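*Asks:* Quick one: the structure is below, questions incoming.
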Amino acid sequence: MKIVNAKVFTPEFIFKDGEICVDKEQFAAVSPDVSKIDAKGLYAIPGLIDIHFHGAVGYDFMDGTKEALRSIAAYEASVGVTSICPATMTMGKEDILKACANARDFKPDDKCSSLVGINMEGPFLSAQKLGAQNPDFVMKPDAEFFRKAQAASGNKIKLLAIAPDTENALNVIAKLKDEVLCSIAHTCCDYDTAVKAIAEGATHLTHLYNAMPPLYHRDPGPIAAGSDANWCEAEIICDGIHVHPAAVRAAFRLFGADRMILISDSMMACGLEDGVYQLGGQKVTVTHRKALLDNGTIAGSATNLFSCMKTAVQKMGIALESAVRCATYNPARSIKILDKVGTIEPGKQADLLLLDDNLDIKALLLRGKWLFNEI
């Protein structure tokens with residue numbers, strides 16, 4: 001199959017008129033299938049990659065069931081997120097191990113996103129910056145428990161959240177930096193502690209601005225430490241609720257589009273109506289897409305990654321090329337799956353979205369097959 005006349009997002013992060021060949025499940029230099037799809041006037045971008053979210057359509061990754069994981073993966077595929085790396089929560093050890101083991105042998109069907117990893121967000125967090133994480137299950141960082149979870153997952157854990165200000169955190173980062181991408185998260189750490197954590201190997205910041213000290217001119221904290229280290233990257237939630245548009249633009253200036261990663265941090269309410277839901281065993285009330293614990297704490301998002309990317313462009317002033325890069329190439333590079341997904345190149349998995357000028361999805365290719373095509 002050949003897709004012609006599209007404005008193709010290239011590995012150089014620009015749009016260029018061109019054509020795309022697909023052979024079975026991969027992009028190819030040529031295709032034995034002579035059929036053509038005319039994508040005139042449409043943008044062609046890689047399938048999106050969400051490396052930090054918890055659930056959707058009434059299910060949570062921590063449910064630890066095949067039904068939950070399949071339902072989440074099917075929803076994400078339907079909204080253009082073709083590769084997923086769902087996150088754990090701060091819950092009991094057995095719950096974490098169950099969720100990891102459930103993901104171990106997940107095989108997507110034709111309607112499901114590819115499971116490309118696990119983000120272990122809890123339980124090694126600061127009790128003072130938990131956000132929506134459950135305080136009953138916080139643990140000090142423990143390399144051996146991480147390794148137990150990693151073994152249960154079949155080595156699927158790609159990201160590990162650690163608060164550098166907690167007991168033994170820097171030692172654990174140093175021990176694990178060659179085994180997993182360590183991320184500064186849910187922390188009260190100051191600038192100097194964050195610098196030490198980055199030097200030990202924590203080169204990622206979890207949902208920038210959220211659950212960390214703010215950027216203050218006499219006490220700049222982990223945001224400035226991450227910006228100073230040009231090998232450190234940062235996630236950001238662009239749902240229009242977690243971070244003000246001006247702060248999103250400031251983050252892109254601090255880190256550059258090459259180091260920003262768009263995430264959704266969505267919870268089970270994503271894709272559903274307002275109502276009462278659960279996150280990490282805690283009640284969450286969602287009103288007008290805003291998810292809150294009973295104490296008023298924002299509890300994840302109710303917005304998928306594609307909608308976050310669209311919001312970043314249409315309401316926050318982020319260039320389309322930058323937003324696409326930060327939802328495709330950058331997350332793939334971050335968790336070391338860029339050899340498989342993240343760009344439209346021969347040999348890569350054929351995940352692709354065709355968008356109109358309003359950035360609405362007109363067609364969606366999932367592993368070489370049309371999930372839908374309205375052209």
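Residue numbering restarts at 1 for every chain of the structure tokens, chains are lettered A, B, ... in their displayed order, and ligands are numbered from 1 as they appear.
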At a cut-off of 6 Å, using only C-alpha atoms, what residues contact segment 46-62 of chain A? Leave out same-chain residues fewer than 5 positions from it and give the result as a list in words.
*Replies:* Ala68, Ile72, Gly80, Val81, Thr82, Ser83, Ile84, Cys85, Pro86, Ala87, Ala99, Ile263, Ser264, Asp265, Ser266, Met267, Met268, Ala269, Cys270, Gly271, Leu272, Ala327, Thr328, Thr343, Ile344, Asp351, Leu352 and Leu353 of chain A
*Asks:* How would the residues just chosen look if you wrote them out with C-alpha atoms as a tab-separated table (two decimals), in the first residue's frame?
*Replies:*
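Result went into again37.tsv, see below:
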```tsv
chain	number	residue	atom	x	y	z
A	68	ALA	CA	-8.58	-4.05	31.97
A	72	ILE	CA	-7.31	0.41	27.97
A	80	GLY	CA	-4.31	7.66	18.02
A	81	VAL	CA	-2.09	6.51	20.89
A	82	THR	CA	-0.64	3.42	19.23
A	83	SER	CA	2.09	2.62	21.78
A	84	ILE	CA	1.48	2.63	25.52
A	85	CYS	CA	3.60	2.51	28.66
A	86	PRO	CA	1.04	2.52	31.52
A	87	ALA	CA	1.98	3.50	35.06
A	99	ALA	CA	-0.09	-5.43	37.62
A	263	ILE	CA	2.08	12.75	28.53
A	264	SER	CA	-1.56	12.45	29.51
A	265	ASP	CA	-1.32	11.04	33.07
A	266	SER	CA	-4.90	9.93	32.42
A	267	MET	CA	-6.92	7.88	34.87
A	268	MET	CA	-9.91	5.58	34.41
A	269	ALA	CA	-12.34	8.45	33.78
A	270	CYS	CA	-10.63	9.20	30.46
A	271	GLY	CA	-13.08	8.50	27.65
A	272	LEU	CA	-16.09	8.56	29.98
A	327	ALA	CA	4.37	12.93	21.52
A	328	THR	CA	6.19	10.53	19.17
A	343	THR	CA	9.10	8.03	13.21
A	344	ILE	CA	7.82	7.23	9.73
A	351	ASP	CA	1.56	3.21	13.04
A	352	LEU	CA	0.29	6.40	11.46
A	353	LEU	CA	-2.36	9.11	11.81
```
*Asks:* Determine which residues of segment 98-272 of chain A DSSP labels as strand (DSSP E or B) from the backbone of this structure, then write them out as a PyMOL selection string.
*Replies:* chain A and resi 114-115+118-120+157-162+181-184+202-205+216+219+233-237+260-263+266
*Asks:* Determine the nearest neighbour of Pro11 of chain A from the options A:Ile236, A:Ile45, A:Leu215, A:Ala103, counting only C-alpha atoms.
*Replies:* A:Ile45
*Asks:* For Met260 of chain A, please output as a PDB file with N, CA and C atoms, in the first residue's frame all residues within 8 Å (counting only C-alpha atoms; exclusion window: fewer than 3 positions along the same chain).
*Replies:*
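Result file out.pdb:
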```
ATOM      1  N   GLU A 233      15.534  15.212  30.573  1.00  0.00           N
ATOM      2  CA  GLU A 233      14.291  15.460  29.842  1.00  0.00           C
ATOM      3  C   GLU A 233      13.134  15.615  30.829  1.00  0.00           C
ATOM      4  N   ALA A 234      12.021  16.160  30.352  1.00  0.00           N
ATOM      5  CA  ALA A 234      10.897  16.438  31.240  1.00  0.00           C
ATOM      6  C   ALA A 234       9.571  16.118  30.574  1.00  0.00           C
ATOM      7  N   GLU A 235       8.701  15.434  31.333  1.00  0.00           N
ATOM      8  CA  GLU A 235       7.327  15.214  30.899  1.00  0.00           C
ATOM      9  C   GLU A 235       6.482  16.448  31.220  1.00  0.00           C
ATOM     10  N   ILE A 236       5.388  16.614  30.488  1.00  0.00           N
ATOM     11  CA  ILE A 236       4.449  17.686  30.826  1.00  0.00           C
ATOM     12  C   ILE A 236       3.039  17.286  30.393  1.00  0.00           C
ATOM     13  N   PHE A 252       8.968  24.804  27.557  1.00  0.00           N
ATOM     14  CA  PHE A 252       9.581  24.540  26.251  1.00  0.00           C
ATOM     15  C   PHE A 252      10.796  25.441  26.028  1.00  0.00           C
ATOM     16  N   PHE A 255      13.650  23.870  28.454  1.00  0.00           N
ATOM     17  CA  PHE A 255      14.200  22.560  28.081  1.00  0.00           C
ATOM     18  C   PHE A 255      14.413  22.399  26.587  1.00  0.00           C
ATOM     19  N   GLY A 256      13.660  23.137  25.784  1.00  0.00           N
ATOM     20  CA  GLY A 256      13.726  22.957  24.342  1.00  0.00           C
ATOM     21  C   GLY A 256      12.834  21.806  23.908  1.00  0.00           C
ATOM     22  N   ALA A 257      12.358  21.870  22.678  1.00  0.00           N
ATOM     23  CA  ALA A 257      11.469  20.822  22.170  1.00  0.00           C
ATOM     24  C   ALA A 257      12.160  19.471  22.084  1.00  0.00           C
ATOM     25  N   CYS A 326       7.197  15.780  20.414  1.00  0.00           N
ATOM     26  CA  CYS A 326       7.162  15.496  21.849  1.00  0.00           C
ATOM     27  C   CYS A 326       6.158  14.414  22.224  1.00  0.00           C
ATOM     28  N   ASN A 330      10.289  11.834  20.829  1.00  0.00           N
ATOM     29  CA  ASN A 330      10.935  11.999  22.140  1.00  0.00           C
ATOM     30  C   ASN A 330      10.586  10.897  23.129  1.00  0.00           C
TER      31      ASN A 330
END
```
*Asks:* Tell me, counting only C-alpha atoms, for each residue of segment 103-184 of chain A within 12 Å of segment 294-305 of chain A, which pair of atoms is nearest and how far apart they are in Å to one decimal, in rows ordered by chain and increasing number, as a tab-separated table.
*Replies:*
```
residue	atom	partner	partner_atom	distance
A:Lys129	CA	A:Thr297	CA	10.8
A:Leu130	CA	A:Thr297	CA	9.6
A:Gly131	CA	A:Thr297	CA	6.4
A:Ala132	CA	A:Ala299	CA	4.9
A:Gln133	CA	A:Ala299	CA	8.4
A:Asn134	CA	A:Ala299	CA	11.0
```
*Asks:* Write out as a ChimeraX atom specification the residues lying within 12 Å of Ala229 of chain A, counting only C-alpha atoms and excluding same-chain residues fewer than 2 positions away.
*Replies:* /A:191,194-199,201-205,222-227,231-234,254-256,259
*Asks:* Please provide as number ranges by chain all residues within 10 Å of Lys16 of chain A, with the sequence filter that same-chain residues fewer than 2 positions apart are discarded (counting only C-alpha atoms).
*Replies:* A: 5-10, 12-14, 18-19, 43-44
*Asks:* I need the chosen residues saved as a JSON list (two decimals), in the first residue's frame, with C-alpha atoms.
*Replies:*
```json
[["chain", "number", "residue", "atom", "x", "y", "z"],
["A", 5, "ASN", "CA", 0.14, 13.43, -1.46],
["A", 6, "ALA", "CA", 0.42, 13.67, 2.32],
["A", 7, "LYS", "CA", 2.29, 16.29, 4.33],
["A", 8, "VAL", "CA", 4.61, 13.79, 6.00],
["A", 9, "PHE", "CA", 6.27, 14.42, 9.35],
["A", 10, "THR", "CA", 9.89, 13.54, 8.68],
["A", 12, "GLU", "CA", 14.02, 15.88, 10.75],
["A", 13, "PHE", "CA", 10.86, 17.12, 12.55],
["A", 14, "ILE", "CA", 9.40, 19.02, 9.61],
["A", 18, "GLY", "CA", 5.69, 12.96, 0.08],
["A", 19, "GLU", "CA", 4.47, 9.41, -0.03],
["A", 43, "TYR", "CA", -0.85, 15.66, 7.75],
["A", 44, "ALA", "CA", 0.75, 12.24, 8.22]]
```
*Asks:* If you take only C-alpha atoms and a cut-off of 6 Å, which residues of segment 174-206 of chain A touch segment 156-168 of chain A, and what are their nearest atom pairs and distances in Å to one decimal, in chain and number order, as a Markdown table?
*Replies:*
```
| residue | atom | partner | partner_atom | distance |
| --- | --- | --- | --- | --- |
| A:Val180 | CA | A:Lys158 | CA | 5.6 |
| A:Leu181 | CA | A:Leu159 | CA | 4.8 |
| A:Cys182 | CA | A:Leu160 | CA | 4.9 |
| A:Ser183 | CA | A:Ala161 | CA | 4.7 |
| A:Ile184 | CA | A:Ile162 | CA | 5.4 |
| A:Ala185 | CA | A:Ala163 | CA | 5.2 |
| A:His186 | CA | A:Ala163 | CA | 5.8 |
| A:Thr187 | CA | A:Ala163 | CA | 4.7 |
| A:Cys189 | CA | A:Asp165 | CA | 5.1 |
```
*Asks:* What does the file look like for those residues with C-alpha atoms, as an mmCIF file, in the first residue's frame?
*Replies:*
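Output saved as selection37.cif:
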```cif
data_model
loop_
_atom_site.group_PDB
_atom_site.id
_atom_site.type_symbol
_atom_site.label_atom_id
_atom_site.label_comp_id
_atom_site.auth_asym_id
_atom_site.auth_seq_id
_atom_site.Cartn_x
_atom_site.Cartn_y
_atom_site.Cartn_z
ATOM 1 C CA VAL A 180 15.971 1.463 34.154
ATOM 2 C CA LEU A 181 15.417 5.149 33.402
ATOM 3 C CA CYS A 182 15.209 6.800 36.834
ATOM 4 C CA SER A 183 12.926 9.828 37.075
ATOM 5 C CA ILE A 184 12.764 12.620 39.656
ATOM 6 C CA ALA A 185 9.178 12.522 40.883
ATOM 7 C CA HIS A 186 6.805 13.464 43.716
ATOM 8 C CA THR A 187 9.591 15.206 45.574
ATOM 9 C CA CYS A 189 14.043 18.127 46.892
#
```
*Asks:* Measure the distance from atom CA of Ala143 of chain A to atom CA of Lys107 of chain A in Å and round it to one decimal.
*Replies:* 28.3 Å
*Asks:* DSSP on the backbone: which residues in segment 121-205 of chain A end up as alpha helix (DSSP H)? Give the answer as an NGL selection string.
*Replies:* :A and (143-153 or 169-176 or 191-200)
*Asks:* For the selection just defined, write its residues with N, CA, C and O atoms to a file, as a short mmCIF file (atom, residue, chain, number, x, y, z; two decimals), in the first residue's frame.
*Replies:*
```
data_model
loop_
_atom_site.label_atom_id
_atom_site.label_comp_id
_atom_site.auth_asym_id
_atom_site.auth_seq_id
_atom_site.Cartn_x
_atom_site.Cartn_y
_atom_site.Cartn_z
N ALA A 143 16.04 -1.09 45.80
CA ALA A 143 16.48 -1.67 44.53
C ALA A 143 15.98 -3.10 44.36
O ALA A 143 15.61 -3.52 43.26
N GLU A 144 15.94 -3.85 45.46
CA GLU A 144 15.55 -5.25 45.34
C GLU A 144 14.06 -5.40 45.04
O GLU A 144 13.67 -6.30 44.29
N PHE A 145 13.22 -4.52 45.62
CA PHE A 145 11.81 -4.62 45.26
C PHE A 145 11.61 -4.22 43.81
O PHE A 145 10.80 -4.84 43.09
N PHE A 146 12.32 -3.20 43.34
CA PHE A 146 12.23 -2.87 41.92
C PHE A 146 12.59 -4.08 41.08
O PHE A 146 11.88 -4.40 40.10
N ARG A 147 13.66 -4.75 41.42
CA ARG A 147 14.11 -5.91 40.61
C ARG A 147 13.09 -7.04 40.65
O ARG A 147 12.91 -7.77 39.66
N LYS A 148 12.41 -7.19 41.77
CA LYS A 148 11.36 -8.20 41.86
C LYS A 148 10.21 -7.85 40.93
O LYS A 148 9.67 -8.70 40.22
N ALA A 149 9.83 -6.57 40.92
CA ALA A 149 8.77 -6.11 40.01
C ALA A 149 9.21 -6.24 38.56
O ALA A 149 8.42 -6.64 37.69
N GLN A 150 10.47 -5.93 38.30
CA GLN A 150 10.99 -6.04 36.93
C GLN A 150 10.95 -7.49 36.46
O GLN A 150 10.58 -7.77 35.31
N ALA A 151 11.32 -8.41 37.33
CA ALA A 151 11.27 -9.82 36.97
C ALA A 151 9.83 -10.26 36.70
O ALA A 151 9.56 -11.00 35.73
N ALA A 152 8.90 -9.80 37.54
CA ALA A 152 7.49 -10.15 37.35
C ALA A 152 6.97 -9.63 36.01
O ALA A 152 6.13 -10.27 35.37
N SER A 153 7.49 -8.49 35.57
CA SER A 153 7.02 -7.87 34.33
C SER A 153 7.66 -8.45 33.07
O SER A 153 7.25 -8.11 31.96
N ALA A 169 17.64 7.23 48.49
CA ALA A 169 17.26 7.44 47.10
C ALA A 169 18.47 7.55 46.17
O ALA A 169 18.51 6.94 45.10
N LEU A 170 19.46 8.34 46.55
CA LEU A 170 20.61 8.55 45.66
C LEU A 170 21.37 7.25 45.44
O LEU A 170 21.85 6.99 44.32
N ASN A 171 21.48 6.43 46.48
CA ASN A 171 22.16 5.13 46.33
C ASN A 171 21.39 4.22 45.38
O ASN A 171 21.99 3.51 44.55
N VAL A 172 20.07 4.23 45.50
CA VAL A 172 19.25 3.37 44.64
C VAL A 172 19.34 3.85 43.18
O VAL A 172 19.44 3.03 42.26
N ILE A 173 19.32 5.15 42.97
CA ILE A 173 19.48 5.68 41.60
C ILE A 173 20.80 5.21 41.00
O ILE A 173 20.85 4.74 39.86
N ALA A 174 21.86 5.32 41.79
CA ALA A 174 23.18 4.89 41.31
C ALA A 174 23.20 3.39 40.99
O ALA A 174 23.81 2.96 40.00
N LYS A 175 22.51 2.59 41.80
CA LYS A 175 22.47 1.15 41.57
C LYS A 175 21.69 0.77 40.32
O LYS A 175 22.04 -0.18 39.61
N LEU A 176 20.62 1.52 40.04
CA LEU A 176 19.68 1.10 39.01
C LEU A 176 19.80 1.85 37.69
O LEU A 176 19.11 1.51 36.72
N TYR A 191 17.38 22.33 44.79
CA TYR A 191 18.21 22.32 43.58
C TYR A 191 19.43 21.41 43.73
O TYR A 191 19.71 20.58 42.87
N ASP A 192 20.16 21.55 44.84
CA ASP A 192 21.39 20.79 45.02
C ASP A 192 21.13 19.29 45.07
O ASP A 192 21.90 18.50 44.50
N THR A 193 20.07 18.89 45.74
CA THR A 193 19.74 17.46 45.80
C THR A 193 19.36 16.93 44.42
O THR A 193 19.74 15.82 44.03
N ALA A 194 18.60 17.73 43.68
CA ALA A 194 18.23 17.32 42.33
C ALA A 194 19.46 17.20 41.43
O ALA A 194 19.56 16.27 40.63
N VAL A 195 20.41 18.12 41.59
CA VAL A 195 21.67 18.03 40.82
C VAL A 195 22.39 16.73 41.13
O VAL A 195 22.90 16.05 40.22
N LYS A 196 22.43 16.36 42.40
CA LYS A 196 23.08 15.10 42.78
C LYS A 196 22.35 13.90 42.18
O LYS A 196 22.98 12.96 41.69
N ALA A 197 21.03 13.94 42.22
CA ALA A 197 20.25 12.83 41.65
C ALA A 197 20.49 12.70 40.15
O ALA A 197 20.64 11.58 39.63
N ILE A 198 20.56 13.83 39.45
CA ILE A 198 20.83 13.80 38.01
C ILE A 198 22.23 13.25 37.75
O ILE A 198 22.44 12.44 36.83
N ALA A 199 23.19 13.65 38.57
CA ALA A 199 24.57 13.15 38.41
C ALA A 199 24.64 11.64 38.65
O ALA A 199 25.44 10.94 38.01
N GLU A 200 23.78 11.13 39.54
CA GLU A 200 23.78 9.69 39.82
C GLU A 200 23.05 8.90 38.73
O GLU A 200 23.18 7.68 38.66
#
```
*Asks:* So, with only C-alpha atoms as the atoms that count, which of A:Ser322, A:Ser307, A:Gln26, A:Ser78 lies closest to Leu364 of chain A?
*Replies:*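 Nearest candidate to Leu364 of chain A out of A:Ser322, A:Ser307, A:Gln26, A:Ser78: A:Ser78.
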*Asks:* If I take atom CA of Leu115 of chain A and atom CA of Ala73 of chain A, how far is one from the other in Å, to one decimal?
*Replies:* 7.7 Å
*Asks:* Provide the atom CA of Val79 of chain A to atom CA of Ile335 of chain A distance in Å, to one decimal place.
*Replies:*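 So the two atoms, atom CA of Val79 of chain A and atom CA of Ile335 of chain A, lie 21.4 Å apart.
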*Asks:* A:Leu371, A:Asp357, A:Glu76, A:Cys112: which is nearest Lys40 of chain A, counting only C-alpha atoms?
*Replies:*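 Comparing A:Leu371, A:Asp357, A:Glu76, A:Cys112 against Lys40 of chain A, the winner is A:Asp357.
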*Asks:* For a quick check of understanding, using only C-alpha atoms, which of A:Leu125, A:Met1, A:Met120, A:Ala247 has the smallest distance to Lys140 of chain A?
*Replies:* A:Leu125
*Asks:* Could you check the closest approach to Thr287 of chain A for each of A:Ile241, A:Val30, A:Leu366, A:Leu97 and tell me which residue wins, using only C-alpha atoms?
*Replies:*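 Closest residue, counting only C-alpha atoms: A:Ile241.
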